[in-house]
file start17.cif (mmCIF, C-alpha atoms and all ligand atoms)
data_entry
#
loop_
_atom_site.label_atom_id
_atom_site.label_comp_id
_atom_site.auth_asym_id
_atom_site.auth_seq_id
_atom_site.Cartn_x
_atom_site.Cartn_y
_atom_site.Cartn_z
CA MET H 30 14.57 -20.12 -10.68
CA ILE H 31 13.68 -17.62 -13.41
CA ARG H 32 11.69 -14.64 -12.12
CA ARG H 33 10.10 -11.97 -14.23
CA ALA H 34 9.76 -8.36 -13.16
CA VAL H 35 7.60 -5.73 -14.80
CA VAL H 36 8.56 -2.09 -14.23
CA THR H 37 6.03 0.48 -15.43
CA GLY H 38 7.64 3.62 -16.82
CA GLY H 39 10.93 1.75 -17.00
CA MET H 40 12.42 4.13 -19.52
CA GLY H 41 12.21 7.07 -17.15
CA GLY H 42 14.93 8.16 -14.73
CA LEU H 43 14.06 5.97 -11.75
CA GLY H 44 12.51 3.21 -13.83
CA GLU H 45 15.65 2.66 -15.87
CA ALA H 46 17.81 2.36 -12.75
CA ILE H 47 15.30 -0.15 -11.35
CA CYS H 48 15.41 -2.17 -14.58
CA LEU H 49 19.22 -2.25 -14.47
CA LYS H 50 19.32 -3.31 -10.85
CA LEU H 51 16.76 -6.09 -11.30
CA ALA H 52 18.62 -7.31 -14.39
CA ALA H 53 21.79 -7.48 -12.30
CA MET H 54 19.86 -9.77 -9.92
CA ASP H 55 19.07 -12.05 -12.87
CA TYR H 56 15.43 -11.12 -13.17
CA VAL H 57 13.96 -11.18 -16.65
CA VAL H 58 13.06 -7.50 -16.87
CA ILE H 59 10.10 -6.17 -18.79
CA THR H 60 9.29 -2.51 -18.94
CA THR H 61 6.15 -0.80 -20.07
CA HIS H 62 6.17 2.57 -21.74
CA SER H 63 3.42 4.96 -22.72
CA PRO H 64 2.01 4.27 -26.20
CA ALA H 65 3.12 7.76 -27.27
CA ASN H 66 6.75 6.88 -26.52
CA LYS H 67 8.29 5.91 -29.84
CA GLY H 68 11.77 5.45 -28.41
CA SER H 69 11.40 1.92 -27.07
CA GLU H 70 13.32 0.19 -29.87
CA ALA H 71 16.22 2.62 -29.52
CA TRP H 72 16.14 2.16 -25.74
CA LYS H 73 16.23 -1.61 -26.02
CA ALA H 74 19.01 -1.41 -28.64
CA ARG H 75 21.08 0.82 -26.37
CA TRP H 76 20.98 -1.73 -23.59
CA ARG H 77 21.40 -4.67 -25.95
CA ALA H 78 24.71 -3.09 -26.97
CA GLU H 79 25.65 -3.27 -23.27
CA GLY H 80 24.75 -6.97 -23.19
CA LEU H 81 21.36 -6.49 -21.51
CA ARG H 82 18.14 -7.80 -22.97
CA PHE H 83 15.05 -5.92 -21.82
CA GLU H 84 11.57 -6.56 -23.10
CA ALA H 85 9.37 -3.48 -23.59
CA PHE H 86 5.67 -3.20 -24.30
CA PRO H 87 3.36 -0.22 -24.77
CA CYS H 88 0.82 0.31 -22.03
CA ASP H 89 -1.17 3.34 -20.93
CA VAL H 90 -1.25 2.82 -17.18
CA THR H 91 -4.28 5.10 -16.87
CA ASP H 92 -6.36 2.73 -18.97
CA PHE H 93 -7.51 -0.57 -17.46
CA ASP H 94 -8.02 -2.28 -20.82
CA SER H 95 -4.58 -1.22 -22.03
CA CYS H 96 -3.03 -2.73 -18.86
CA ALA H 97 -5.04 -5.93 -19.28
CA ALA H 98 -3.92 -6.28 -22.91
CA CYS H 99 -0.31 -5.52 -22.01
CA ALA H 100 -0.21 -8.04 -19.17
CA ARG H 101 -1.72 -10.68 -21.46
CA VAL H 102 0.97 -10.07 -24.10
CA ILE H 103 3.73 -10.19 -21.47
CA GLU H 104 2.43 -13.46 -20.02
CA GLU H 105 2.11 -15.00 -23.49
CA GLN H 106 5.47 -13.83 -24.81
CA VAL H 107 7.64 -13.79 -21.70
CA GLY H 108 5.85 -15.71 -18.95
CA PRO H 109 4.13 -15.17 -15.61
CA ILE H 110 4.84 -11.93 -13.77
CA ASP H 111 6.47 -12.40 -10.35
CA VAL H 112 7.36 -8.79 -9.49
CA LEU H 113 5.43 -5.65 -10.37
CA VAL H 114 6.96 -2.24 -9.79
CA ASN H 115 4.29 0.45 -10.12
CA ASN H 116 6.68 3.25 -11.01
CA ALA H 117 5.01 5.25 -13.81
CA GLY H 118 3.99 8.67 -12.61
CA ILE H 119 3.57 12.32 -13.52
CA THR H 120 3.34 15.66 -11.81
CA ARG H 121 1.15 18.64 -12.77
CA ASP H 122 2.21 21.10 -10.09
CA LYS H 123 0.01 24.12 -9.43
CA THR H 124 -1.31 25.83 -6.35
CA PHE H 125 -4.76 24.54 -5.52
CA ARG H 126 -6.31 27.85 -6.58
CA ARG H 127 -4.97 27.35 -10.10
CA MET H 128 -5.35 23.59 -10.28
CA GLY H 129 -7.97 22.52 -12.77
CA ARG H 130 -10.05 19.40 -12.75
CA GLU H 131 -7.91 18.00 -15.59
CA ASP H 132 -4.69 18.51 -13.56
CA TRP H 133 -6.28 16.59 -10.71
CA ASP H 134 -7.61 13.77 -12.89
CA ALA H 135 -4.40 13.27 -14.89
CA VAL H 136 -2.28 12.95 -11.76
CA ILE H 137 -4.70 10.68 -9.89
CA ARG H 138 -5.14 8.46 -12.92
CA THR H 139 -1.44 8.13 -13.72
CA ASN H 140 -0.13 7.70 -10.18
CA LEU H 141 -2.98 5.96 -8.35
CA ASP H 142 -5.48 4.40 -10.76
CA SER H 143 -2.44 2.85 -12.46
CA CYS H 144 -1.77 0.80 -9.33
CA PHE H 145 -5.24 -0.70 -9.51
CA ASN H 146 -5.03 -1.17 -13.27
CA MET H 147 -1.69 -2.99 -13.25
CA THR H 148 -1.87 -4.85 -9.93
CA LYS H 149 -5.27 -6.25 -10.84
CA GLN H 150 -3.66 -8.01 -13.81
CA VAL H 151 -0.98 -9.81 -11.81
CA VAL H 152 -2.07 -10.40 -8.25
CA GLU H 153 -4.16 -13.51 -8.83
CA GLY H 154 -1.32 -15.24 -10.64
CA MET H 155 1.06 -14.32 -7.82
CA THR H 156 -1.23 -15.69 -5.11
CA ALA H 157 -1.88 -18.87 -7.10
CA ARG H 158 1.89 -19.44 -7.45
CA LYS H 159 2.41 -18.52 -3.77
CA TRP H 160 5.11 -15.92 -4.48
CA GLY H 161 4.93 -12.34 -5.59
CA ARG H 162 6.12 -8.82 -4.99
CA VAL H 163 4.21 -5.59 -5.61
CA ILE H 164 6.34 -2.48 -5.10
CA ASN H 165 4.70 0.93 -5.39
CA ILE H 166 6.78 4.05 -5.95
CA SER H 167 5.14 6.82 -3.95
CA SER H 168 6.75 10.05 -2.76
CA MET H 169 7.80 12.04 0.27
CA SER H 170 5.17 14.56 -0.89
CA ALA H 171 2.53 12.12 0.34
CA GLN H 172 4.08 12.00 3.79
CA LYS H 173 4.71 15.68 4.49
CA GLY H 174 2.65 17.49 1.85
CA ALA H 175 4.25 19.69 -0.80
CA PHE H 176 3.37 23.17 -1.97
CA GLY H 177 1.62 23.03 -5.36
CA GLN H 178 1.12 19.28 -5.23
CA ALA H 179 -2.36 18.70 -3.79
CA ASN H 180 -3.07 16.33 -6.68
CA TYR H 181 0.26 14.49 -6.51
CA ALA H 182 0.32 14.24 -2.70
CA ALA H 183 -3.22 12.86 -2.71
CA ALA H 184 -2.43 10.28 -5.38
CA LYS H 185 0.79 9.18 -3.72
CA ALA H 186 -0.86 9.02 -0.26
CA GLY H 187 -3.55 6.85 -1.82
CA MET H 188 -0.83 4.39 -2.73
CA HIS H 189 0.01 3.95 0.96
CA GLY H 190 -3.54 2.94 1.85
CA PHE H 191 -3.71 0.67 -1.18
CA THR H 192 -0.43 -0.98 -0.15
CA LYS H 193 -1.53 -1.70 3.40
CA ALA H 194 -4.98 -3.04 2.51
CA LEU H 195 -3.72 -5.28 -0.28
CA ALA H 196 -0.80 -6.49 1.86
CA LEU H 197 -3.32 -7.83 4.38
CA GLU H 198 -5.28 -9.66 1.72
CA VAL H 199 -2.38 -11.46 0.06
CA ALA H 200 0.06 -12.02 2.93
CA LYS H 201 -0.89 -15.65 3.49
CA ALA H 202 -0.22 -16.41 -0.16
CA GLY H 203 3.44 -15.33 0.02
CA VAL H 204 2.86 -12.07 -1.79
CA THR H 205 4.28 -8.87 -0.30
CA VAL H 206 3.11 -5.35 -1.09
CA ASN H 207 5.24 -2.37 -0.13
CA THR H 208 5.67 1.29 -0.92
CA ILE H 209 8.85 3.30 -1.34
CA SER H 210 8.64 7.05 -0.76
CA PRO H 211 11.61 8.84 -2.31
CA GLY H 212 12.49 12.43 -1.59
CA TYR H 213 14.25 14.48 -4.27
CA ILE H 214 16.01 12.15 -6.71
CA GLY H 215 18.11 13.48 -9.59
CA THR H 216 15.94 12.51 -12.55
CA LYS H 217 14.30 14.52 -15.32
CA MET H 218 11.28 15.12 -13.06
CA VAL H 219 13.49 16.99 -10.57
CA ASN H 220 15.93 18.42 -13.09
CA GLU H 221 13.01 20.37 -14.57
CA ILE H 222 12.91 22.43 -11.37
CA ASP H 223 14.51 25.88 -11.76
CA PRO H 224 18.20 25.39 -10.76
CA ILE H 225 18.08 28.49 -8.57
CA VAL H 226 15.08 27.14 -6.66
CA LEU H 227 16.88 23.81 -6.36
CA ALA H 228 20.08 25.35 -5.00
CA ASP H 229 18.52 28.01 -2.76
CA LYS H 230 15.33 26.38 -1.52
CA ILE H 231 15.48 22.60 -1.91
CA LEU H 232 19.04 21.45 -1.21
CA PRO H 233 19.24 23.38 2.09
CA GLN H 234 16.25 21.32 3.31
CA ILE H 235 18.05 18.02 2.69
CA PRO H 236 20.41 17.17 5.56
CA MET H 237 22.69 15.30 3.14
CA ASN H 238 22.75 18.45 0.97
CA ARG H 239 22.36 16.53 -2.27
CA LEU H 240 19.76 14.87 -4.43
CA GLY H 241 19.29 11.12 -4.17
CA LYS H 242 20.56 8.91 -6.94
CA PRO H 243 18.18 6.69 -8.93
CA GLU H 244 20.47 3.75 -8.11
CA GLU H 245 19.85 4.31 -4.40
CA VAL H 246 16.11 3.87 -4.88
CA ALA H 247 16.72 0.91 -7.19
CA GLY H 248 18.71 -0.79 -4.44
CA LEU H 249 15.67 -0.65 -2.15
CA VAL H 250 13.44 -2.02 -4.89
CA ALA H 251 15.91 -4.87 -5.38
CA TYR H 252 15.79 -5.73 -1.69
CA LEU H 253 11.99 -5.68 -1.59
CA ALA H 254 11.92 -7.91 -4.69
CA SER H 255 14.24 -10.47 -3.15
CA ASP H 256 13.54 -13.63 -1.17
CA GLU H 257 15.22 -12.04 1.85
CA ALA H 258 12.38 -9.51 2.11
CA ALA H 259 9.71 -12.22 2.51
CA PHE H 260 8.60 -11.00 5.98
CA LEU H 261 8.43 -7.33 5.01
CA THR H 262 4.99 -6.28 3.86
CA GLY H 263 2.59 -3.37 4.14
CA ALA H 264 5.53 -1.03 4.75
CA ASN H 265 6.23 2.42 3.45
CA ILE H 266 9.97 2.95 3.26
CA SER H 267 11.32 6.50 3.11
CA ILE H 268 14.47 7.36 1.19
CA ASN H 269 15.06 11.09 1.32
CA GLY H 270 18.53 11.96 2.66
CA GLY H 271 17.04 12.72 6.07
CA GLN H 272 14.64 15.40 4.83
CA HIS H 273 11.59 13.88 6.48
CA MET H 274 11.85 11.55 9.47
CA PHE H 275 9.01 10.13 11.49
P1 LIG Z 301 10.18 10.19 -15.21
O1 LIG Z 301 9.32 11.30 -15.71
O2 LIG Z 301 11.60 10.11 -15.64
O3 LIG Z 301 9.50 8.79 -15.52
C1 LIG Z 301 8.13 8.59 -15.38
C2 LIG Z 301 7.72 7.45 -16.28
O4 LIG Z 301 6.29 7.30 -16.20
C3 LIG Z 301 8.05 7.68 -17.74
O5 LIG Z 301 8.94 6.68 -18.15
C4 LIG Z 301 6.72 7.57 -18.48
O6 LIG Z 301 6.75 6.72 -19.60
C5 LIG Z 301 5.82 6.89 -17.45
N1 LIG Z 301 4.43 7.30 -17.68
C6 LIG Z 301 3.87 8.50 -17.45
N2 LIG Z 301 2.57 8.48 -17.81
C7 LIG Z 301 2.32 7.23 -18.29
C8 LIG Z 301 1.17 6.58 -18.81
N3 LIG Z 301 -0.03 7.19 -18.91
N4 LIG Z 301 1.28 5.30 -19.20
C9 LIG Z 301 2.45 4.65 -19.10
N5 LIG Z 301 3.59 5.20 -18.61
C10 LIG Z 301 3.51 6.47 -18.20
O7 LIG Z 301 10.08 10.29 -13.62
P2 LIG Z 301 10.96 9.62 -12.47
O8 LIG Z 301 11.74 8.49 -13.00
O9 LIG Z 301 11.62 10.69 -11.73
O10 LIG Z 301 9.79 9.07 -11.51
C11 LIG Z 301 9.44 7.71 -11.42
C12 LIG Z 301 8.46 7.55 -10.26
O11 LIG Z 301 9.07 7.98 -9.06
C13 LIG Z 301 7.19 8.39 -10.43
O12 LIG Z 301 6.09 7.66 -9.96
C14 LIG Z 301 7.46 9.58 -9.53
O13 LIG Z 301 6.27 10.15 -9.08
C15 LIG Z 301 8.25 8.92 -8.42
N6 LIG Z 301 9.06 9.84 -7.65
C16 LIG Z 301 10.10 10.53 -8.24
C17 LIG Z 301 10.86 11.38 -7.49
C18 LIG Z 301 12.01 12.15 -8.06
O14 LIG Z 301 12.57 12.94 -7.31
N7 LIG Z 301 12.40 11.93 -9.29
C19 LIG Z 301 10.60 11.59 -6.06
C20 LIG Z 301 9.51 10.82 -5.55
C21 LIG Z 301 8.79 9.98 -6.33
P3 LIG Z 301 7.15 7.21 -21.07
O15 LIG Z 301 8.54 7.76 -20.92
O16 LIG Z 301 7.08 5.98 -21.89
O17 LIG Z 301 6.14 8.27 -21.42
#
call {"tool": "encode", "arguments": {"input": "start17.cif", "output": "C-alpha cells", "more": "lines below"}}
Ligand code: NDP
result
Amino acid sequence: MIRRAVVTGGMGGLGEAICLKLAAMDYVVITTHSPANKGSEAWKARWRAEGLRFEAFPCDVTDFDSCAACARVIEEQVGPIDVLVNNAGITRDKTFRRMGREDWDAVIRTNLDSCFNMTKQVVEGMTARKWGRVINISSMSAQKGAFGQANYAAAKAGMHGFTKALALEVAKAGVTVNTISPGYIGTKMVNEIDPIVLADKILPQIPMNRLGKPEEVAGLVAYLASDEAAFLTGANISINGGQHMF
C-alpha cells in the first residue's frame, strides 16, 4: 500500500533525516519549506542524484491559509496525506527579562500554532480513511525547562497537551498522535551554540557525553509512523542520551 508522509521543515537538520528514513520505508515523502527558502529545487536535485524523489512545497506553517493551500496542492498533486510530522520549529532564546513580545509570538506561532494549522488540514481525511499518524517534534526543554527559553519551552509543552487531547479524539478512527522530545541533537540549531559552552556546559550534562544524531530521532519517527505502532498513542517519547529521565 502506498503511504504518503508530509514532513514540515524537511530541509532542516532533523527534518532531512526524517525524510530519508521515511523514504527508506517506502513512504512517498513530501516536505514543506518556508516560502523564503529558495533552495528547494537544489535540495530535491541533490537527492534525485542519489536516486531519491522527494516532493517539496512552500508553506508558512505560522499561517493557516498557507497551510490549507499547501495541503490542497499536496492532495491534488501527490494524494491523500497518511502521516504528518510537525517538525518545523525555531528558537529565539533570551532571558525572560529581555524577551520581547515578538520573540514570544514568533516562537509560539512557529512551534505550536503550526501544529494546529497543519494537523487541521489532514486529520479529517485520516479519520475518514481509518488510518493516520500525527507525530509532533517537541523538545526536552518542555519537560525540564531551559534557561532563556520561556517562549520555546511553553510552545513545546503546548504540543504535549495538544497531542494527548487530539489522541483521545481520533483513537477510535485508527489515527495515532504522539510527541517526540529530543534533547541536544547535532543539527544547525545546536551547532549555533558557542562551542565552548557546548563542550564545558552542555556535554557534561549528557550521560552519553555526546549529542544525539538526527538519524536516531528519525528512527523513532519511523517506528511511530509504522503499522507496528498502532497501539501507541498520546505518548511523549524522550530521546536525550539520558539527560532527563522521569
Ligand atoms: P532546523 O533549523 O535545521 O530546521 C527547522 C526547520 O523549520 C527548517 O527547515 C525551516 O524551514 C522550518 N521552518 C521554520 N520556520 C518556518 C515557517 N514559518 N514555515 C515553514 N517552515 C519553517 O532545526 P532542527 O532540524 O534542529 O529542528 C527540527 C525540530 O526539532 C524543531 O521543531 C526543533 O525545535 C526540534 N528540536 C531540535 C533539537 C535539536 O537539538 N536540534 C532538540 C529538540 C527539538 P526552511 O529551512 O525552509 O526555512
call {"tool": "closest_residue", "arguments": {"input": "start17.cif", "among": "H:Cys88, H:Val226, H:Val206, H:Ile137", "to": "ligand LIG 301 (chain Z)", "atoms": "all atoms listed in the file"}}
result
H:Cys88
call {"tool": "residues_near_ligand", "arguments": {"input": "start17.cif", "ligand": "ligand LIG 301 (chain Z)", "cutoff": "6 Å", "atoms": "all atoms listed in the file", "output": "ChimeraX atom specification"}}
result
/H:38-44,62-63,66,88-91,116-119,139,166-168,211-219
call {"tool": "residues_around", "arguments": {"input": "start17.cif", "residues": "Lys201 (chain H)", "least_positions_apart": "3", "cutoff": "9 Å", "atoms": "only C-alpha atoms", "output": "ChimeraX atom specification"}}
result
/H:156,159,197-198,204
call {"tool": "closest_residue", "arguments": {"input": "start17.cif", "among": "H:Thr262, H:Thr124, H:Thr37, H:Thr60", "to": "Tyr181 (chain H)", "atoms": "only C-alpha atoms"}}
result
H:Thr124
call {"tool": "atom_distance", "arguments": {"input": "start17.cif", "atom1": "CA of Ala184 (chain H)", "atom2": "CA of Ala202 (chain H)"}}
result
27.3 Å
call {"tool": "closest_residue", "arguments": {"input": "start17.cif", "among": "H:Glu84, H:Gln272, H:Phe145, H:Ala247", "to": "Pro233 (chain H)", "atoms": "only C-alpha atoms"}}
result
H:Gln272
call {"tool": "residues_near_point", "arguments": {"input": "start17.cif", "point": "(4.6, -12.5, -7.4)", "cutoff": "12 Å", "atoms": "all atoms listed in the file", "output": "number ranges by chain"}}
result
H: 32-35, 109-114, 148, 150-164, 199-200, 202-206, 253-256, 259
call {"tool": "atom_distance", "arguments": {"input": "start17.cif", "atom1": "CA of Phe86 (chain H)", "atom2": "CA of Ser69 (chain H)"}}
result
8.2 Å
call {"tool": "atom_distance", "arguments": {"input": "start17.cif", "atom1": "CA of Ala182 (chain H)", "atom2": "CA of Asp134 (chain H)"}}
result
12.9 Å
